[in-house]
Amino acid sequence: MKIGDPEPDQPEETRMERARTALPRREFLRDSAVAVGAVLLCSGPLASCRRAERRGGFQDDYYTSRRKELMEGFDELREHARQVVTASYGAELSDAIDADARRELESLIPEIPYIGGDGNQLTDELVQAAMALALHRAMKRHGRSAEETGEVLYRIVEAMVGSHPKLLTRAIGFYQMSGFGQRQVRRGALESQQRSYPGDWVYRFVEGEGEAFDWGIDFTECGIVKFFRAQGAEELAPYLCLADYPMSEAFGTGLFRSTTIAEGGERCDFRFKRGRETSREGRPQARSTPEVKG
């Protein structure tokens with residue numbers, strides 16, 4: 001039996017849940033988010049974490065108590081970043097940016113908003129956004145623009161999704177587009193309407209008609225935009241949105257999007273269709289290619 005083939009006499013939800021849990025949670029989230037993307041397809045069961053928050057209050061030490069784990073995750077990202085930055089700017093500047101970025105993340109960890117911790121899969125998106133912001137601040141210190149950071153981040157995401165077997169990325173896309181995956185998003189969307197955490201996303205599930213798109217998400221509040229705005233780095237947010245496209249291409253989810261909050265829109269209108277070529281409409285203007293130095 002090939003991976004992804006249905007097992008006989010098992011409900012779809014059972015098959016998809018077993019496929020998801022076959023991977024360690026951290027590896028599954030890493031592979032399905034792959035660095036710094038803003039598309040959040042698998043919002044997960046948020047109710048339990050919100051109930052825990054109401055009982056016990058905000059966990060002020062959630063990120064700082066996991067500092068070692070977060071820095072180890074950043075070190076994995078740095079391996080790809082060093083290759084991209086070295087190819088664009090040379091080894092000497094790459095070494096300086098790498099060291100500065102690690103120090104920046106150390107200082108950012110206590111600043112990441114708490115939105116439910118382990119019970120909210122979007123927590124990983126905020127952590128990845130903090131990693132992107134650390135790189136941006138390091139590059140900015142060395143005279144590089146947000147646009148140049150955006151180019152580097154885009155290349156990092158391409159490298160990361162390209163480093164995984166195509167069978168795996170397609171299996172992740174199959175999970176995301178399945179009925180089970182959609183039900184997860186529906187539940188997360190309903191929970192987000194409660195606005196339990198100021199730094200969280202707010203969104204709704206959009207039913208598809210099957211021709212133009214299978215299903216969609218309308219985000220009306222973006223946790224990454226809020227975080228970057230609080231950190232005085234709102235200019236970086238549109239470039240993280242670009243990361244959604246190589247992920248959709250790898251996963252085969254056929255993303256179309258015409259507007260984003262990061263670019264000044266009232267919402268982010270994600271529309272997915274299995275097997276459709278990922279749309280290039282609505283993307284920010286073509287990024288400039290950094291000059292290769294050294």
# chains A, B, ... in the order shown; residues from 1 in each chain; ligands from 1

$ select_by_dssp --residues "stretch 48-236 of chain A" --states "strand (DSSP E or B)" --output "ChimeraX atom specification"
/A:202-207,215-221

$ residues_around --residues "A:Asp214" --least-positions-apart "6" --cutoff "12 Å" --atoms "only C-alpha atoms" --output "PyMOL selection string"
chain A and resi 176-179+182+205-208+253-256+270-276

$ atom_distance --atom1 "atom CA of A:Leu122" --atom2 "atom CA of A:Val202"
11.1 Å

$ closest_residue --among "A:Ala132, A:Ala237, A:Tyr63, A:Gly117" --to "A:Arg78" --atoms "only C-alpha atoms"
A:Ala132

$ residues_around --residues "stretch 225-228 of chain A" --least-positions-apart "3" --cutoff "10 Å" --atoms "only C-alpha atoms" --output "PDB file with N, CA and C atoms, in the first residue's frame"
ATOM      1  N   ALA A  38       2.457  32.836   6.262  1.00  0.00           N
ATOM      2  CA  ALA A  38       1.308  33.370   6.944  1.00  0.00           C
ATOM      3  C   ALA A  38       0.075  32.559   6.698  1.00  0.00           C
ATOM      4  N   GLU A 111       9.063  38.740  24.067  1.00  0.00           N
ATOM      5  CA  GLU A 111       8.127  39.690  23.469  1.00  0.00           C
ATOM      6  C   GLU A 111       7.059  39.017  22.609  1.00  0.00           C
ATOM      7  N   ILE A 112       7.193  37.722  22.352  1.00  0.00           N
ATOM      8  CA  ILE A 112       6.229  37.040  21.489  1.00  0.00           C
ATOM      9  C   ILE A 112       4.888  36.940  22.223  1.00  0.00           C
ATOM     10  N   PRO A 113       3.787  37.353  21.616  1.00  0.00           N
ATOM     11  CA  PRO A 113       2.491  37.321  22.297  1.00  0.00           C
ATOM     12  C   PRO A 113       2.034  35.893  22.612  1.00  0.00           C
ATOM     13  N   LEU A 126       3.737  32.441  15.050  1.00  0.00           N
ATOM     14  CA  LEU A 126       4.312  33.612  15.715  1.00  0.00           C
ATOM     15  C   LEU A 126       5.788  33.397  16.028  1.00  0.00           C
ATOM     16  N   ALA A 129       7.580  33.880  12.880  1.00  0.00           N
ATOM     17  CA  ALA A 129       7.618  35.308  12.558  1.00  0.00           C
ATOM     18  C   ALA A 129       8.701  36.018  13.363  1.00  0.00           C
ATOM     19  N   ALA A 130       8.866  35.623  14.618  1.00  0.00           N
ATOM     20  CA  ALA A 130       9.937  36.201  15.442  1.00  0.00           C
ATOM     21  C   ALA A 130      11.296  35.869  14.866  1.00  0.00           C
ATOM     22  N   LEU A 133      11.781  38.165  11.970  1.00  0.00           N
ATOM     23  CA  LEU A 133      12.057  39.521  12.454  1.00  0.00           C
ATOM     24  C   LEU A 133      13.492  39.638  12.956  1.00  0.00           C
ATOM     25  N   PRO A 198      -5.551  38.900  22.575  1.00  0.00           N
ATOM     26  CA  PRO A 198      -5.413  40.101  21.729  1.00  0.00           C
ATOM     27  C   PRO A 198      -4.447  39.923  20.568  1.00  0.00           C
ATOM     28  N   GLY A 199      -3.417  39.089  20.751  1.00  0.00           N
ATOM     29  CA  GLY A 199      -2.416  38.931  19.701  1.00  0.00           C
ATOM     30  C   GLY A 199      -2.715  37.845  18.699  1.00  0.00           C
ATOM     31  N   ASP A 200      -3.885  37.214  18.789  1.00  0.00           N
ATOM     32  CA  ASP A 200      -4.228  36.072  17.948  1.00  0.00           C
ATOM     33  C   ASP A 200      -4.817  36.526  16.609  1.00  0.00           C
ATOM     34  N   TRP A 201      -4.972  35.555  15.702  1.00  0.00           N
ATOM     35  CA  TRP A 201      -5.672  35.770  14.438  1.00  0.00           C
ATOM     36  C   TRP A 201      -7.175  35.694  14.670  1.00  0.00           C
ATOM     37  N   GLU A 221      -8.132  39.603  11.129  1.00  0.00           N
ATOM     38  CA  GLU A 221      -7.065  40.080  11.998  1.00  0.00           C
ATOM     39  C   GLU A 221      -5.895  39.119  11.857  1.00  0.00           C
ATOM     40  N   CYS A 222      -4.690  39.665  11.778  1.00  0.00           N
ATOM     41  CA  CYS A 222      -3.500  38.852  11.557  1.00  0.00           C
ATOM     42  C   CYS A 222      -2.549  38.989  12.747  1.00  0.00           C
ATOM     43  N   GLN A 231       6.337  45.795  17.256  1.00  0.00           N
ATOM     44  CA  GLN A 231       7.791  45.804  17.249  1.00  0.00           C
ATOM     45  C   GLN A 231       8.376  46.859  16.311  1.00  0.00           C
ATOM     46  N   GLY A 232       7.513  47.685  15.705  1.00  0.00           N
ATOM     47  CA  GLY A 232       7.985  48.713  14.787  1.00  0.00           C
ATOM     48  C   GLY A 232       8.567  48.151  13.510  1.00  0.00           C
ATOM     49  N   ALA A 233       8.059  47.010  13.051  1.00  0.00           N
ATOM     50  CA  ALA A 233       8.611  46.351  11.857  1.00  0.00           C
ATOM     51  C   ALA A 233       7.515  45.941  10.890  1.00  0.00           C
ATOM     52  N   GLU A 234       6.467  46.751  10.806  1.00  0.00           N
ATOM     53  CA  GLU A 234       5.323  46.410   9.963  1.00  0.00           C
ATOM     54  C   GLU A 234       5.708  46.267   8.493  1.00  0.00           C
ATOM     55  N   GLU A 235       6.815  46.908   8.091  1.00  0.00           N
ATOM     56  CA  GLU A 235       7.231  46.860   6.692  1.00  0.00           C
ATOM     57  C   GLU A 235       7.625  45.453   6.242  1.00  0.00           C
ATOM     58  N   LEU A 236       7.925  44.578   7.199  1.00  0.00           N
ATOM     59  CA  LEU A 236       8.341  43.222   6.835  1.00  0.00           C
ATOM     60  C   LEU A 236       7.161  42.308   6.523  1.00  0.00           C
ATOM     61  N   ALA A 237       5.989  42.606   7.056  1.00  0.00           N
ATOM     62  CA  ALA A 237       4.850  41.690   6.973  1.00  0.00           C
ATOM     63  C   ALA A 237       4.485  41.269   5.547  1.00  0.00           C
ATOM     64  N   PRO A 238       4.431  42.185   4.548  1.00  0.00           N
ATOM     65  CA  PRO A 238       4.041  41.727   3.206  1.00  0.00           C
ATOM     66  C   PRO A 238       4.969  40.671   2.632  1.00  0.00           C
ATOM     67  N   LEU A 240       6.465  38.252   4.305  1.00  0.00           N
ATOM     68  CA  LEU A 240       6.141  36.939   4.844  1.00  0.00           C
ATOM     69  C   LEU A 240       4.957  36.331   4.108  1.00  0.00           C
ATOM     70  N   ILE A 261      -4.020  41.746   4.620  1.00  0.00           N
ATOM     71  CA  ILE A 261      -3.994  42.786   5.648  1.00  0.00           C
ATOM     72  C   ILE A 261      -2.631  43.467   5.659  1.00  0.00           C
ATOM     73  N   ALA A 262      -1.580  42.695   5.441  1.00  0.00           N
ATOM     74  CA  ALA A 262      -0.220  43.240   5.477  1.00  0.00           C
ATOM     75  C   ALA A 262      -0.001  44.307   4.419  1.00  0.00           C
ATOM     76  N   GLU A 263      -0.746  44.217   3.307  1.00  0.00           N
ATOM     77  CA  GLU A 263      -0.620  45.205   2.230  1.00  0.00           C
ATOM     78  C   GLU A 263      -1.678  46.304   2.320  1.00  0.00           C
TER      79      GLU A 263
END

$ closest_residue --among "A:Thr86, A:Gln128, A:Thr123, A:Thr64" --to "A:Pro110" --atoms "only C-alpha atoms"
A:Thr64

$ residues_around --residues "A:Tyr203" --least-positions-apart "2" --cutoff "12 Å" --atoms "only C-alpha atoms" --output "NGL selection string"
:A and (39-41 or 43 or 185-195 or 200-201 or 205-206 or 216-223 or 261 or 266-270)

$ residues_around --residues "A:Tyr154" --least-positions-apart "3" --cutoff "10 Å" --atoms "only C-alpha atoms" --output "PyMOL selection string"
chain A and resi 35-37+84+148-151+157-160+239-246+287

$ atom_distance --atom1 "atom CA of A:Ser196" --atom2 "atom CA of A:Thr259"
25.6 Å

$ select_by_dssp --residues "stretch 194-279 of chain A" --states "alpha helix (DSSP H)" --output "PyMOL selection string"
chain A and resi 223-230+237-241+244-251

$ write_last_selection --atoms "C-alpha atoms" --output "compact mmCIF listing (two decimals), in the first residue's frame"
# COMPACT_ATOMS: atom_id res chain seq x y z
CA GLY A 223 -1.33 37.90 14.51
CA ILE A 224 1.88 38.50 12.58
CA VAL A 225 0.85 42.01 11.50
CA LYS A 226 -0.06 42.84 15.12
CA PHE A 227 3.25 41.50 16.39
CA PHE A 228 5.32 43.34 13.79
CA ARG A 229 3.39 46.56 14.35
CA ALA A 230 4.12 46.37 18.07
CA ALA A 237 4.85 41.69 6.97
CA PRO A 238 4.04 41.73 3.21
CA TYR A 239 7.18 39.72 2.49
CA LEU A 240 6.14 36.94 4.84
CA CYS A 241 2.91 36.67 2.86
CA ASP A 244 2.53 31.17 1.15
CA TYR A 245 3.09 30.66 -2.58
CA PRO A 246 6.02 28.20 -2.63
CA MET A 247 4.27 26.26 0.14
CA SER A 248 1.05 26.05 -1.86
CA GLU A 249 2.99 24.99 -4.94
CA ALA A 250 4.73 22.23 -2.98
CA PHE A 251 1.53 21.07 -1.29

$ atom_distance --atom1 "atom CA of A:Phe213" --atom2 "atom CA of A:Gly265"
20.8 Å

$ closest_residue --among "A:Ala171, A:Val127, A:Met71, A:Ala96" --to "A:His142" --atoms "only C-alpha atoms"
A:Ala96

$ decode --residues "stretch 183-233 of chain A" --atoms "N, CA and C atoms" --output "mmCIF file, in the first residue's frame"
data_model
loop_
_atom_site.group_PDB
_atom_site.id
_atom_site.type_symbol
_atom_site.label_atom_id
_atom_site.label_comp_id
_atom_site.auth_asym_id
_atom_site.auth_seq_id
_atom_site.Cartn_x
_atom_site.Cartn_y
_atom_site.Cartn_z
ATOM 1 N N ARG A 183 -12.565 20.515 8.553
ATOM 2 C CA ARG A 183 -13.306 20.594 9.812
ATOM 3 C C ARG A 183 -12.443 21.179 10.918
ATOM 4 N N GLN A 184 -11.152 20.881 10.900
ATOM 5 C CA GLN A 184 -10.249 21.476 11.869
ATOM 6 C C GLN A 184 -10.224 22.994 11.729
ATOM 7 N N VAL A 185 -10.177 23.463 10.486
ATOM 8 C CA VAL A 185 -10.148 24.904 10.246
ATOM 9 C C VAL A 185 -11.467 25.538 10.678
ATOM 10 N N ARG A 186 -12.584 24.881 10.388
ATOM 11 C CA ARG A 186 -13.890 25.408 10.814
ATOM 12 C C ARG A 186 -13.930 25.614 12.324
ATOM 13 N N ARG A 187 -13.468 24.618 13.074
ATOM 14 C CA ARG A 187 -13.485 24.734 14.532
ATOM 15 C C ARG A 187 -12.581 25.879 14.996
ATOM 16 N N GLY A 188 -11.408 25.969 14.391
ATOM 17 C CA GLY A 188 -10.508 27.050 14.768
ATOM 18 C C GLY A 188 -11.085 28.416 14.457
ATOM 19 N N ALA A 189 -11.785 28.520 13.326
ATOM 20 C CA ALA A 189 -12.386 29.789 12.933
ATOM 21 C C ALA A 189 -13.446 30.224 13.945
ATOM 22 N N LEU A 190 -14.274 29.285 14.368
ATOM 23 C CA LEU A 190 -15.299 29.612 15.361
ATOM 24 C C LEU A 190 -14.668 30.053 16.676
ATOM 25 N N GLU A 191 -13.619 29.381 17.101
ATOM 26 C CA GLU A 191 -12.941 29.755 18.335
ATOM 27 C C GLU A 191 -12.302 31.136 18.216
ATOM 28 N N SER A 192 -11.763 31.449 17.044
ATOM 29 C CA SER A 192 -11.083 32.739 16.877
ATOM 30 C C SER A 192 -12.034 33.910 17.051
ATOM 31 N N GLN A 193 -13.328 33.686 16.781
ATOM 32 C CA GLN A 193 -14.304 34.761 16.910
ATOM 33 C C GLN A 193 -14.486 35.195 18.366
ATOM 34 N N GLN A 194 -14.062 34.375 19.308
ATOM 35 C CA GLN A 194 -14.170 34.750 20.714
ATOM 36 C C GLN A 194 -13.140 35.797 21.112
ATOM 37 N N ARG A 195 -12.093 35.943 20.302
ATOM 38 C CA ARG A 195 -11.033 36.936 20.558
ATOM 39 C C ARG A 195 -10.485 36.803 21.986
ATOM 40 N N SER A 196 -10.155 35.569 22.359
ATOM 41 C CA SER A 196 -9.656 35.308 23.706
ATOM 42 C C SER A 196 -8.273 35.902 23.943
ATOM 43 N N TYR A 197 -7.487 36.044 22.869
ATOM 44 C CA TYR A 197 -6.123 36.555 22.991
ATOM 45 C C TYR A 197 -5.946 37.749 22.056
ATOM 46 N N PRO A 198 -5.551 38.900 22.575
ATOM 47 C CA PRO A 198 -5.413 40.101 21.729
ATOM 48 C C PRO A 198 -4.447 39.923 20.568
ATOM 49 N N GLY A 199 -3.417 39.089 20.751
ATOM 50 C CA GLY A 199 -2.416 38.931 19.701
ATOM 51 C C GLY A 199 -2.715 37.845 18.699
ATOM 52 N N ASP A 200 -3.885 37.214 18.789
ATOM 53 C CA ASP A 200 -4.228 36.072 17.948
ATOM 54 C C ASP A 200 -4.817 36.526 16.609
ATOM 55 N N TRP A 201 -4.972 35.555 15.702
ATOM 56 C CA TRP A 201 -5.672 35.770 14.438
ATOM 57 C C TRP A 201 -7.175 35.694 14.670
ATOM 58 N N VAL A 202 -7.941 36.343 13.808
ATOM 59 C CA VAL A 202 -9.397 36.203 13.765
ATOM 60 C C VAL A 202 -9.751 35.887 12.319
ATOM 61 N N TYR A 203 -10.563 34.838 12.124
ATOM 62 C CA TYR A 203 -10.853 34.421 10.749
ATOM 63 C C TYR A 203 -12.144 33.622 10.687
ATOM 64 N N ARG A 204 -12.604 33.421 9.457
ATOM 65 C CA ARG A 204 -13.804 32.614 9.237
ATOM 66 C C ARG A 204 -13.564 31.639 8.093
ATOM 67 N N PHE A 205 -14.228 30.529 8.141
ATOM 68 C CA PHE A 205 -14.145 29.519 7.090
ATOM 69 C C PHE A 205 -15.088 29.910 5.947
ATOM 70 N N VAL A 206 -14.649 29.739 4.710
ATOM 71 C CA VAL A 206 -15.458 30.077 3.533
ATOM 72 C C VAL A 206 -15.747 28.800 2.759
ATOM 73 N N GLU A 207 -17.023 28.474 2.630
ATOM 74 C CA GLU A 207 -17.417 27.292 1.873
ATOM 75 C C GLU A 207 -17.161 27.517 0.384
ATOM 76 N N GLY A 208 -16.635 26.493 -0.280
ATOM 77 C CA GLY A 208 -16.402 26.576 -1.716
ATOM 78 C C GLY A 208 -17.541 25.968 -2.496
ATOM 79 N N GLU A 209 -17.650 26.378 -3.758
ATOM 80 C CA GLU A 209 -18.704 25.828 -4.610
ATOM 81 C C GLU A 209 -18.155 24.722 -5.508
ATOM 82 N N GLY A 210 -16.823 24.481 -5.445
ATOM 83 C CA GLY A 210 -16.248 23.358 -6.168
ATOM 84 C C GLY A 210 -15.662 23.696 -7.515
ATOM 85 N N GLU A 211 -16.015 24.829 -8.091
ATOM 86 C CA GLU A 211 -15.475 25.193 -9.399
ATOM 87 C C GLU A 211 -14.347 26.207 -9.253
ATOM 88 N N ALA A 212 -14.642 27.383 -8.745
ATOM 89 C CA ALA A 212 -13.605 28.399 -8.578
ATOM 90 C C ALA A 212 -12.645 28.023 -7.454
ATOM 91 N N PHE A 213 -13.167 27.438 -6.374
ATOM 92 C CA PHE A 213 -12.316 27.008 -5.265
ATOM 93 C C PHE A 213 -13.052 25.963 -4.441
ATOM 94 N N ASP A 214 -12.274 25.148 -3.723
ATOM 95 C CA ASP A 214 -12.856 24.097 -2.888
ATOM 96 C C ASP A 214 -13.271 24.627 -1.524
ATOM 97 N N TRP A 215 -12.446 25.489 -0.937
ATOM 98 C CA TRP A 215 -12.753 26.134 0.334
ATOM 99 C C TRP A 215 -11.784 27.282 0.527
ATOM 100 N N GLY A 216 -12.065 28.094 1.543
ATOM 101 C CA GLY A 216 -11.197 29.239 1.763
ATOM 102 C C GLY A 216 -11.226 29.722 3.200
ATOM 103 N N ILE A 217 -10.385 30.713 3.472
ATOM 104 C CA ILE A 217 -10.325 31.370 4.773
ATOM 105 C C ILE A 217 -10.275 32.868 4.543
ATOM 106 N N ASP A 218 -11.061 33.610 5.295
ATOM 107 C CA ASP A 218 -10.955 35.071 5.332
ATOM 108 C C ASP A 218 -10.415 35.474 6.699
ATOM 109 N N PHE A 219 -9.179 35.962 6.727
ATOM 110 C CA PHE A 219 -8.594 36.491 7.948
ATOM 111 C C PHE A 219 -8.942 37.968 8.052
ATOM 112 N N THR A 220 -9.520 38.365 9.159
ATOM 113 C CA THR A 220 -9.819 39.785 9.374
ATOM 114 C C THR A 220 -8.861 40.420 10.382
ATOM 115 N N GLU A 221 -8.132 39.603 11.129
ATOM 116 C CA GLU A 221 -7.065 40.080 11.998
ATOM 117 C C GLU A 221 -5.895 39.119 11.857
ATOM 118 N N CYS A 222 -4.690 39.665 11.778
ATOM 119 C CA CYS A 222 -3.500 38.852 11.557
ATOM 120 C C CYS A 222 -2.549 38.989 12.747
ATOM 121 N N GLY A 223 -2.226 37.868 13.371
ATOM 122 C CA GLY A 223 -1.333 37.898 14.514
ATOM 123 C C GLY A 223 0.062 38.386 14.175
ATOM 124 N N ILE A 224 0.543 38.072 12.979
ATOM 125 C CA ILE A 224 1.881 38.504 12.583
ATOM 126 C C ILE A 224 1.918 40.010 12.361
ATOM 127 N N VAL A 225 0.907 40.556 11.709
ATOM 128 C CA VAL A 225 0.850 42.005 11.504
ATOM 129 C C VAL A 225 0.806 42.724 12.852
ATOM 130 N N LYS A 226 0.003 42.225 13.785
ATOM 131 C CA LYS A 226 -0.064 42.839 15.119
ATOM 132 C C LYS A 226 1.301 42.805 15.805
ATOM 133 N N PHE A 227 1.957 41.673 15.740
ATOM 134 C CA PHE A 227 3.254 41.501 16.386
ATOM 135 C C PHE A 227 4.295 42.445 15.774
ATOM 136 N N PHE A 228 4.350 42.481 14.463
ATOM 137 C CA PHE A 228 5.324 43.343 13.792
ATOM 138 C C PHE A 228 5.024 44.820 14.041
ATOM 139 N N ARG A 229 3.741 45.162 14.074
ATOM 140 C CA ARG A 229 3.386 46.559 14.346
ATOM 141 C C ARG A 229 3.862 46.957 15.741
ATOM 142 N N ALA A 230 3.679 46.084 16.707
ATOM 143 C CA ALA A 230 4.119 46.370 18.075
ATOM 144 C C ALA A 230 5.636 46.481 18.162
ATOM 145 N N GLN A 231 6.337 45.795 17.256
ATOM 146 C CA GLN A 231 7.791 45.804 17.249
ATOM 147 C C GLN A 231 8.376 46.859 16.311
ATOM 148 N N GLY A 232 7.513 47.685 15.705
ATOM 149 C CA GLY A 232 7.985 48.713 14.787
ATOM 150 C C GLY A 232 8.567 48.151 13.510
ATOM 151 N N ALA A 233 8.059 47.010 13.051
ATOM 152 C CA ALA A 233 8.611 46.351 11.857
ATOM 153 C C ALA A 233 7.515 45.941 10.890
#
